[in-house]
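Novice: Supplied structure: upload.txt, compact mmCIF, C-alpha atoms.
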```
# COMPACT_ATOMS: atom_id res chain seq x y z
CA MET A 18 49.20 103.26 -8.54
CA HIS A 19 50.01 100.07 -6.65
CA ALA A 20 50.40 102.08 -3.44
CA LEU A 21 47.07 103.87 -3.90
CA TYR A 22 45.27 100.63 -4.75
CA GLY A 23 46.94 98.71 -1.94
CA PHE A 24 45.84 101.23 0.66
CA ALA A 25 42.27 101.38 -0.64
CA ARG A 26 42.02 97.59 -0.76
CA HIS A 27 43.50 97.23 2.74
CA ALA A 28 40.90 99.59 4.23
CA ASP A 29 38.03 98.16 2.19
CA GLU A 30 38.71 94.60 3.31
CA ILE A 31 38.54 95.63 6.96
CA VAL A 32 34.83 96.31 6.51
CA ASP A 33 33.86 94.13 3.53
CA ASP A 34 35.56 90.76 4.02
CA LEU A 35 32.62 88.33 4.24
CA ASP A 36 34.85 85.78 5.98
CA ASP A 37 35.60 88.23 8.80
CA ASP A 38 32.93 87.74 11.45
CA ARG A 39 34.36 90.16 14.02
CA PRO A 40 31.92 92.57 15.70
CA VAL A 41 31.33 95.80 13.80
CA ALA A 42 32.75 97.82 16.69
CA GLU A 43 36.04 95.95 16.38
CA LYS A 44 36.24 96.70 12.66
CA ALA A 45 35.46 100.36 13.31
CA ALA A 46 38.24 100.48 15.90
CA GLU A 47 40.69 98.99 13.38
CA LEU A 48 39.73 101.69 10.86
CA ASP A 49 40.31 104.38 13.51
CA ALA A 50 43.74 102.92 14.23
CA LEU A 51 44.51 102.83 10.50
CA ALA A 52 43.55 106.51 10.20
CA ALA A 53 45.86 107.44 13.08
CA ASP A 54 48.71 105.40 11.59
CA LEU A 55 48.09 107.00 8.20
CA HIS A 56 48.42 110.55 9.51
CA ALA A 57 51.55 109.59 11.44
CA ALA A 58 53.09 108.07 8.30
CA LEU A 59 52.21 111.16 6.27
CA ASP A 60 53.95 113.23 8.95
CA GLY A 61 57.08 111.15 8.47
CA ALA A 62 56.76 108.62 11.30
CA PRO A 63 57.68 104.97 10.64
CA ALA A 64 54.74 103.21 9.02
CA ALA A 65 52.79 100.74 11.11
CA VAL A 66 52.06 98.55 8.05
CA PRO A 67 54.03 98.35 4.78
CA VAL A 68 51.22 99.68 2.61
CA LEU A 69 51.27 102.92 4.60
CA ALA A 70 54.99 103.36 3.91
CA ALA A 71 54.29 103.05 0.18
CA LEU A 72 51.29 105.37 0.39
CA ALA A 73 53.18 108.05 2.35
CA ASP A 74 56.01 107.97 -0.20
CA THR A 75 53.53 108.30 -3.08
CA ALA A 76 51.62 111.12 -1.38
CA ARG A 77 54.82 113.10 -0.79
CA ARG A 78 56.22 112.42 -4.25
CA TYR A 79 53.07 113.57 -6.05
CA ALA A 80 51.85 116.16 -3.51
CA ILE A 81 48.52 114.37 -3.00
CA PRO A 82 46.52 116.21 -0.32
CA ARG A 83 45.99 114.10 2.78
CA ARG A 84 42.33 115.09 2.94
CA HIS A 85 41.67 112.72 0.03
CA PHE A 86 42.85 109.79 2.15
CA ALA A 87 40.98 111.03 5.22
CA ASP A 88 37.76 111.38 3.22
CA PHE A 89 38.21 107.85 1.89
CA LEU A 90 38.53 106.43 5.41
CA THR A 91 35.47 108.42 6.50
CA SER A 92 33.39 106.63 3.88
CA MET A 93 34.87 103.26 4.82
CA ALA A 94 33.83 103.97 8.42
CA MET A 95 30.30 104.68 7.22
CA ASP A 96 30.15 101.09 6.03
CA THR A 97 30.37 99.95 9.64
CA HIS A 98 27.07 101.59 10.62
CA VAL A 99 25.18 102.92 7.56
CA THR A 100 23.14 100.30 5.71
CA SER A 101 21.03 102.42 3.35
CA TYR A 102 20.74 105.91 1.86
CA ALA A 103 17.47 107.80 1.78
CA THR A 104 18.31 110.09 -1.14
CA ASP A 105 20.91 110.55 -3.84
CA ALA A 106 22.27 113.52 -1.87
CA ASP A 107 22.83 111.22 1.12
CA LEU A 108 24.54 108.65 -1.10
CA ALA A 109 26.72 111.38 -2.62
CA VAL A 110 28.32 111.98 0.77
CA TYR A 111 29.47 108.36 0.86
CA VAL A 112 30.45 108.27 -2.81
CA HIS A 113 32.61 111.37 -2.46
CA GLY A 114 34.92 109.53 -0.08
CA SER A 115 34.64 106.07 -1.57
CA ALA A 116 35.06 107.05 -5.23
CA ALA A 117 35.41 110.73 -6.11
CA VAL A 118 38.58 111.14 -4.07
CA ILE A 119 40.07 108.06 -5.75
CA GLY A 120 40.01 109.99 -9.01
CA LEU A 121 41.57 112.98 -7.25
CA GLN A 122 44.31 110.80 -5.72
CA MET A 123 45.18 109.30 -9.10
CA LEU A 124 45.22 112.52 -11.09
CA PRO A 125 48.68 113.79 -10.01
CA VAL A 126 50.15 110.35 -10.74
CA LEU A 127 48.55 110.11 -14.18
CA GLY A 128 49.62 113.66 -15.04
CA THR A 129 47.66 116.32 -16.89
CA THR A 130 48.21 118.64 -19.82
CA VAL A 131 45.99 121.29 -18.23
CA PRO A 132 46.08 122.84 -14.76
CA LEU A 133 45.20 120.19 -12.18
CA GLU A 134 42.10 122.01 -10.98
CA GLU A 135 40.68 121.97 -14.51
CA ALA A 136 41.00 118.20 -14.71
CA GLU A 137 39.59 117.52 -11.24
CA PRO A 138 35.83 117.73 -12.02
CA PRO A 139 35.90 115.08 -14.78
CA ALA A 140 38.27 112.92 -12.72
CA THR A 141 35.80 113.12 -9.86
CA ALA A 142 32.93 112.23 -12.18
CA LEU A 143 34.80 109.20 -13.50
CA GLY A 144 35.43 107.87 -10.02
CA VAL A 145 31.74 108.33 -9.21
CA ALA A 146 30.67 106.65 -12.46
CA PHE A 147 32.82 103.60 -11.70
CA GLN A 148 31.38 103.38 -8.18
CA LEU A 149 27.77 103.72 -9.34
CA THR A 150 28.44 100.97 -11.88
CA ASN A 151 29.71 98.74 -9.09
CA PHE A 152 26.59 99.45 -7.05
CA LEU A 153 24.36 98.37 -9.92
CA ARG A 154 26.40 95.25 -10.72
CA ASP A 155 26.78 94.20 -7.08
CA VAL A 156 23.37 95.05 -5.66
CA GLY A 157 22.74 91.41 -4.75
CA GLU A 158 26.12 90.92 -3.07
CA ASP A 159 25.71 94.17 -1.17
CA LEU A 160 22.37 92.91 0.15
CA ASP A 161 24.25 89.92 1.55
CA ARG A 162 26.38 92.43 3.49
CA GLY A 163 23.22 94.10 4.77
CA ARG A 164 23.59 97.22 2.63
CA VAL A 165 21.70 98.95 -0.18
CA TYR A 166 23.65 101.56 -2.09
CA LEU A 167 20.74 102.66 -4.28
CA PRO A 168 18.80 105.80 -3.18
CA ALA A 169 15.65 104.70 -1.37
CA ASP A 170 13.52 107.55 -2.66
CA GLU A 171 14.36 106.79 -6.28
CA LEU A 172 13.65 103.10 -5.77
CA ALA A 173 10.35 103.98 -4.09
CA ALA A 174 9.30 105.97 -7.15
CA PHE A 175 9.15 102.62 -8.96
CA GLY A 176 7.57 100.73 -6.07
CA VAL A 177 10.82 99.13 -4.93
CA ASP A 178 12.14 98.81 -1.39
CA ARG A 179 14.68 96.70 0.49
CA ASP A 180 12.14 93.97 1.17
CA LEU A 181 11.42 93.53 -2.53
CA LEU A 182 15.11 93.47 -3.41
CA THR A 183 15.72 90.88 -0.71
CA TRP A 184 12.81 88.75 -1.93
CA CYS A 185 14.19 88.81 -5.49
CA ARG A 186 17.64 87.88 -4.18
CA THR A 187 16.36 85.08 -1.95
CA HIS A 188 13.96 83.54 -4.45
CA ARG A 189 16.15 84.18 -7.52
CA ARG A 190 13.27 85.93 -9.22
CA ASP A 191 12.92 89.15 -11.19
CA ASP A 192 10.31 91.86 -10.85
CA PRO A 193 9.28 94.48 -13.43
CA ARG A 194 9.41 97.22 -10.79
CA VAL A 195 13.03 96.40 -10.06
CA ARG A 196 13.86 96.33 -13.77
CA ARG A 197 12.39 99.79 -14.27
CA ALA A 198 14.22 101.20 -11.24
CA LEU A 199 17.55 99.77 -12.37
CA ALA A 200 17.01 101.03 -15.93
CA HIS A 201 16.52 104.52 -14.51
CA LEU A 202 19.69 104.27 -12.44
CA VAL A 203 21.70 102.89 -15.38
CA ALA A 204 20.62 105.89 -17.46
CA ARG A 205 21.71 108.26 -14.69
CA THR A 206 25.06 106.52 -14.45
CA ARG A 207 25.62 106.88 -18.19
CA ALA A 208 25.08 110.62 -17.78
CA THR A 209 27.88 110.64 -15.19
CA TYR A 210 30.20 108.93 -17.69
CA ARG A 211 29.41 111.64 -20.23
CA ARG A 212 30.47 114.30 -17.73
CA ALA A 213 33.71 112.42 -17.16
CA GLU A 214 34.68 111.82 -20.79
CA PRO A 215 36.32 115.22 -21.51
CA GLY A 216 38.83 114.52 -18.75
CA ILE A 217 40.56 111.74 -20.67
CA ALA A 218 41.97 114.20 -23.20
CA MET A 219 43.27 116.32 -20.31
CA LEU A 220 45.60 113.53 -19.15
CA GLU A 221 49.20 113.10 -20.18
CA PRO A 222 49.33 111.08 -23.43
CA VAL A 223 51.00 108.11 -21.67
CA SER A 224 47.99 107.81 -19.33
CA ARG A 225 45.11 108.29 -21.75
CA ALA A 226 44.98 104.78 -23.20
CA CYS A 227 44.76 103.07 -19.81
CA VAL A 228 42.04 105.35 -18.48
CA GLY A 229 40.24 105.23 -21.83
CA CYS A 230 40.15 101.43 -21.66
CA ALA A 231 38.74 101.54 -18.14
CA TYR A 232 36.17 104.13 -19.25
CA THR A 233 35.00 101.90 -22.11
CA LEU A 234 35.04 98.57 -20.27
CA TYR A 235 33.30 99.84 -17.16
CA GLN A 236 30.51 101.21 -19.33
CA GLY A 237 30.43 97.74 -20.83
CA ILE A 238 29.20 96.49 -17.46
CA LEU A 239 26.15 98.70 -17.92
CA ASP A 240 25.67 97.17 -21.38
CA GLU A 241 25.74 93.71 -19.82
CA ILE A 242 23.25 94.74 -17.14
CA GLU A 243 20.89 95.91 -19.86
CA ALA A 244 21.49 92.77 -21.95
CA ALA A 245 20.62 90.65 -18.90
CA GLY A 246 17.29 92.42 -18.60
CA TYR A 247 18.50 94.00 -15.33
CA ALA A 248 18.46 90.57 -13.67
CA VAL A 249 21.45 91.30 -11.45
CA LEU A 250 20.05 90.45 -8.05
CA HIS A 251 20.87 86.76 -8.36
CA ARG A 252 23.75 86.82 -10.83
CA ARG A 253 26.89 88.85 -11.43
CA VAL A 254 27.28 90.17 -14.95
CA ALA A 255 30.71 90.65 -16.51
CA VAL A 256 32.12 92.01 -19.75
CA PRO A 257 33.05 89.04 -21.98
CA ASN A 258 36.76 88.34 -22.45
CA ARG A 259 36.50 88.88 -26.20
CA ARG A 260 35.27 92.43 -25.66
CA ARG A 261 37.94 93.07 -23.06
CA ALA A 262 40.58 91.98 -25.53
CA ALA A 263 39.05 94.04 -28.34
CA VAL A 264 39.31 97.16 -26.17
CA ALA A 265 42.50 96.43 -24.23
CA LEU A 266 44.81 95.30 -27.03
CA PRO A 267 44.46 98.47 -29.14
CA GLY A 268 44.74 100.46 -25.91
CA LEU A 269 47.99 98.69 -25.10
CA ALA A 270 49.32 99.57 -28.55
CA ARG A 271 48.40 103.22 -28.02
CA ALA A 272 50.05 103.23 -24.61
CA ILE A 273 53.28 101.75 -25.98
CA SER A 274 53.29 104.28 -28.79
CA ALA A 275 52.75 107.16 -26.37
CA ARG A 276 55.59 105.96 -24.17
CA ALA A 277 57.89 105.71 -27.18
CA ARG A 278 57.13 109.33 -28.12
CA ARG A 279 57.64 110.67 -24.60
CA PRO A 280 60.83 112.76 -24.34
CA SER A 281 63.58 111.13 -22.29
CA PRO A 282 64.35 112.84 -18.96
CA ALA A 283 67.35 115.10 -18.94
CA ARG A 284 70.60 113.42 -17.87
CA GLY A 285 71.08 113.71 -14.16
CA ALA A 286 67.42 114.59 -13.58
```
Can I see the file as structure tokens?

Specialist:
Amino acid sequence: MHALYGFARHADEIVDDLDDDRPVAEKAAELDALAADLHAALDGAPAAVPVLAALADTARRYAIPRRHFADFLTSMAMDTHVTSYATDADLAVYVHGSAAVIGLQMLPVLGTTVPLEEAEPPATALGVAFQLTNFLRDVGEDLDRGRVYLPADELAAFGVDRDLLTWCRTHRRDDPRVRRALAHLVARTRATYRRAEPGIAMLEPVSRACVGCAYTLYQGILDEIEAAGYAVLHRRVAVPNRRRAAVALPGLARAISARARRPSPARGA
């Protein structure tokens, strides 16, 4: 998991580090070089950066298809030149690489009690749900990066466009049209979580508690967005620590119990 996260974070920071003022073309070139180094590492060549050595080892050990990493880098490259998405179908192309494949990368590591292909659709849905939640929480910060990750046509149905979002961000003001649009998108995101939920029971028992906690707490971000009256353009909502503890501590107990019940590997295995 550290290897998968480290690679994703390394690539993401190439395009999203606000302190990095290099030209976009230079960032795009660095992503291209990273993609070439990744494929070389997956083919067994010495890794250009340590995180690629860890990733290549993980990919081989768990038979993670390389297309999931390539699709991720494709979406990261989109961040160097795409600043908005006209429709949900357009956004789905980006989200597949930025989020859906993360669920697919993690699935072999987490382990399943059903055939892998049966668990892939809910794993994909969970990755998408997490990403959509991030988009809603971070809409103001994304505007600062020059991007809008909310479908333009669905915003327009409520009378919202980039200019209005920017005005709300700049003037630290709310607007009823924005609230209605965000409420609609929150409801759609909750539907994605519902499609993902059956996948938790498909995981190995030692993995269920961790993913279940993430499932609950990430939905808690949507609760906080609603509680804030959808005023997220000039503030960043977060799940309170007391709720995190209330969810995480029982989850930790379940995880420890599941590990204790797991059969020990055969001697010499």

Novice: One number please: atom CA of Leu160 of chain A to atom CA of Thr183 of chain A, in Å, one decimal.

Specialist: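 Interatomic distance, atom CA of Leu160 of chain A to atom CA of Thr183 of chain A: 7.0 Å.
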
Novice: Quick one, how far is atom CA of Glu214 of chain A from atom CA of Ala272 of chain A?

Specialist: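 About the pair atom CA of Glu214 of chain A and atom CA of Ala272 of chain A: they are 18.0 Å apart.
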
Novice: What is the atom CA of Asp49 of chain A to atom CA of Glu30 of chain A distance in Å?

Specialist: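 Result for atom CA of Asp49 of chain A versus atom CA of Glu30 of chain A: 14.2 Å, one decimal.
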
Novice: Would you mind telling me which residue in A:Leu127, A:Ala103, A:Leu239, A:Leu108 lies nearest to Thr150 of chain A when using all atoms listed in the file?

Specialist: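 Ranked by minimum distance to Thr150 of chain A, first place goes to A:Leu239.
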
Novice: Find the residues of segment 89-172 of chain A that sit at most 7 Å from segment 251-263 of chain A; for each, write down the nearest two atoms and how far apart they are in Å, to one decimal. Count all atoms listed in the file. Sort by chain, then by number going up, and give it as JSON lines.

Specialist:
```
{"residue": "A:Arg154", "atom": "CA", "partner": "A:Arg253", "partner_atom": "CA", "distance": 6.5}
{"residue": "A:Asp155", "atom": "CA", "partner": "A:Arg253", "partner_atom": "CA", "distance": 6.9}
{"residue": "A:Gly157", "atom": "CA", "partner": "A:His251", "partner_atom": "CA", "distance": 6.2}
```

Novice: How would the residues just picked look written out with C-alpha atoms as a PDB file, keeping the file's coordinate frame?

Specialist:
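Printed below is part_10.pdb as written:
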```pdb
ATOM      1  CA  ARG A 154      26.400  95.250 -10.720  1.00  0.00           C
ATOM      2  CA  ASP A 155      26.780  94.200  -7.080  1.00  0.00           C
ATOM      3  CA  GLY A 157      22.740  91.410  -4.750  1.00  0.00           C
TER       4      GLY A 157
END
```

Novice: Rank nothing, just name the residue among A:Val41, A:Ala248, A:Ala71, A:Ala136 nearest to Ile217 of chain A, using only C-alpha atoms.

Specialist: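 Selected residue with least distance to Ile217 of chain A: A:Ala136.
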
Novice: Could you give me, as a ChimeraX atom specification, the residues within 10 Å of segment 176-179 of chain A, counting only C-alpha atoms and dropping anything in the same chain fewer than 6 positions from it?

Specialist: /A:101,160,163-165,167-170,185,192-198

Novice: Which is closer to Ala46 of chain A than all the others in A:Met123, A:Leu182, A:Ile31, A:Ala226, using only C-alpha atoms?

Specialist: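 Smallest separation from Ala46 of chain A among the options: A:Ile31.
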
Novice: I need the residue nearest Pro267 of chain A from this list: A:Cys230, A:Ala244, A:Ala174, A:Ala94. Use only C-alpha atoms for the distance.

Specialist: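 Result for the nearest residue to Pro267 of chain A: A:Cys230.
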
Novice: Which residue, A:Thr141, A:Thr187, A:Thr129, A:Gln236, has the smallest gap to Ala204 of chain A when you use all atoms listed in the file?

Specialist: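 The closest residue to Ala204 of chain A is A:Gln236.
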
Novice: Which of these residues is nearest to Ala25 of chain A, using all atoms listed in the file: A:Ala116, A:Leu59, A:Val99, A:Leu250?

Specialist: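 Nearest candidate to Ala25 of chain A out of A:Ala116, A:Leu59, A:Val99, A:Leu250: A:Ala116.
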
Novice: Need to verify the contact set: Ala231 of chain A, 10 Å, all atoms listed in the file, exclusion of same-chain residues closer than 5 positions in sequence. Can you return it as number ranges by chain?

Specialist: A: 143, 147, 225-226, 236-237, 261, 264-265, 268

Novice: Taking (31.0, 101.7, 5.1) in the file's coordinates, which residues come within 12 Å, counting only C-alpha atoms, written as a ChimeraX atom specification?

Specialist: /A:28-34,41,44-45,48,88-102,108,110-112,114-115,159,162-166
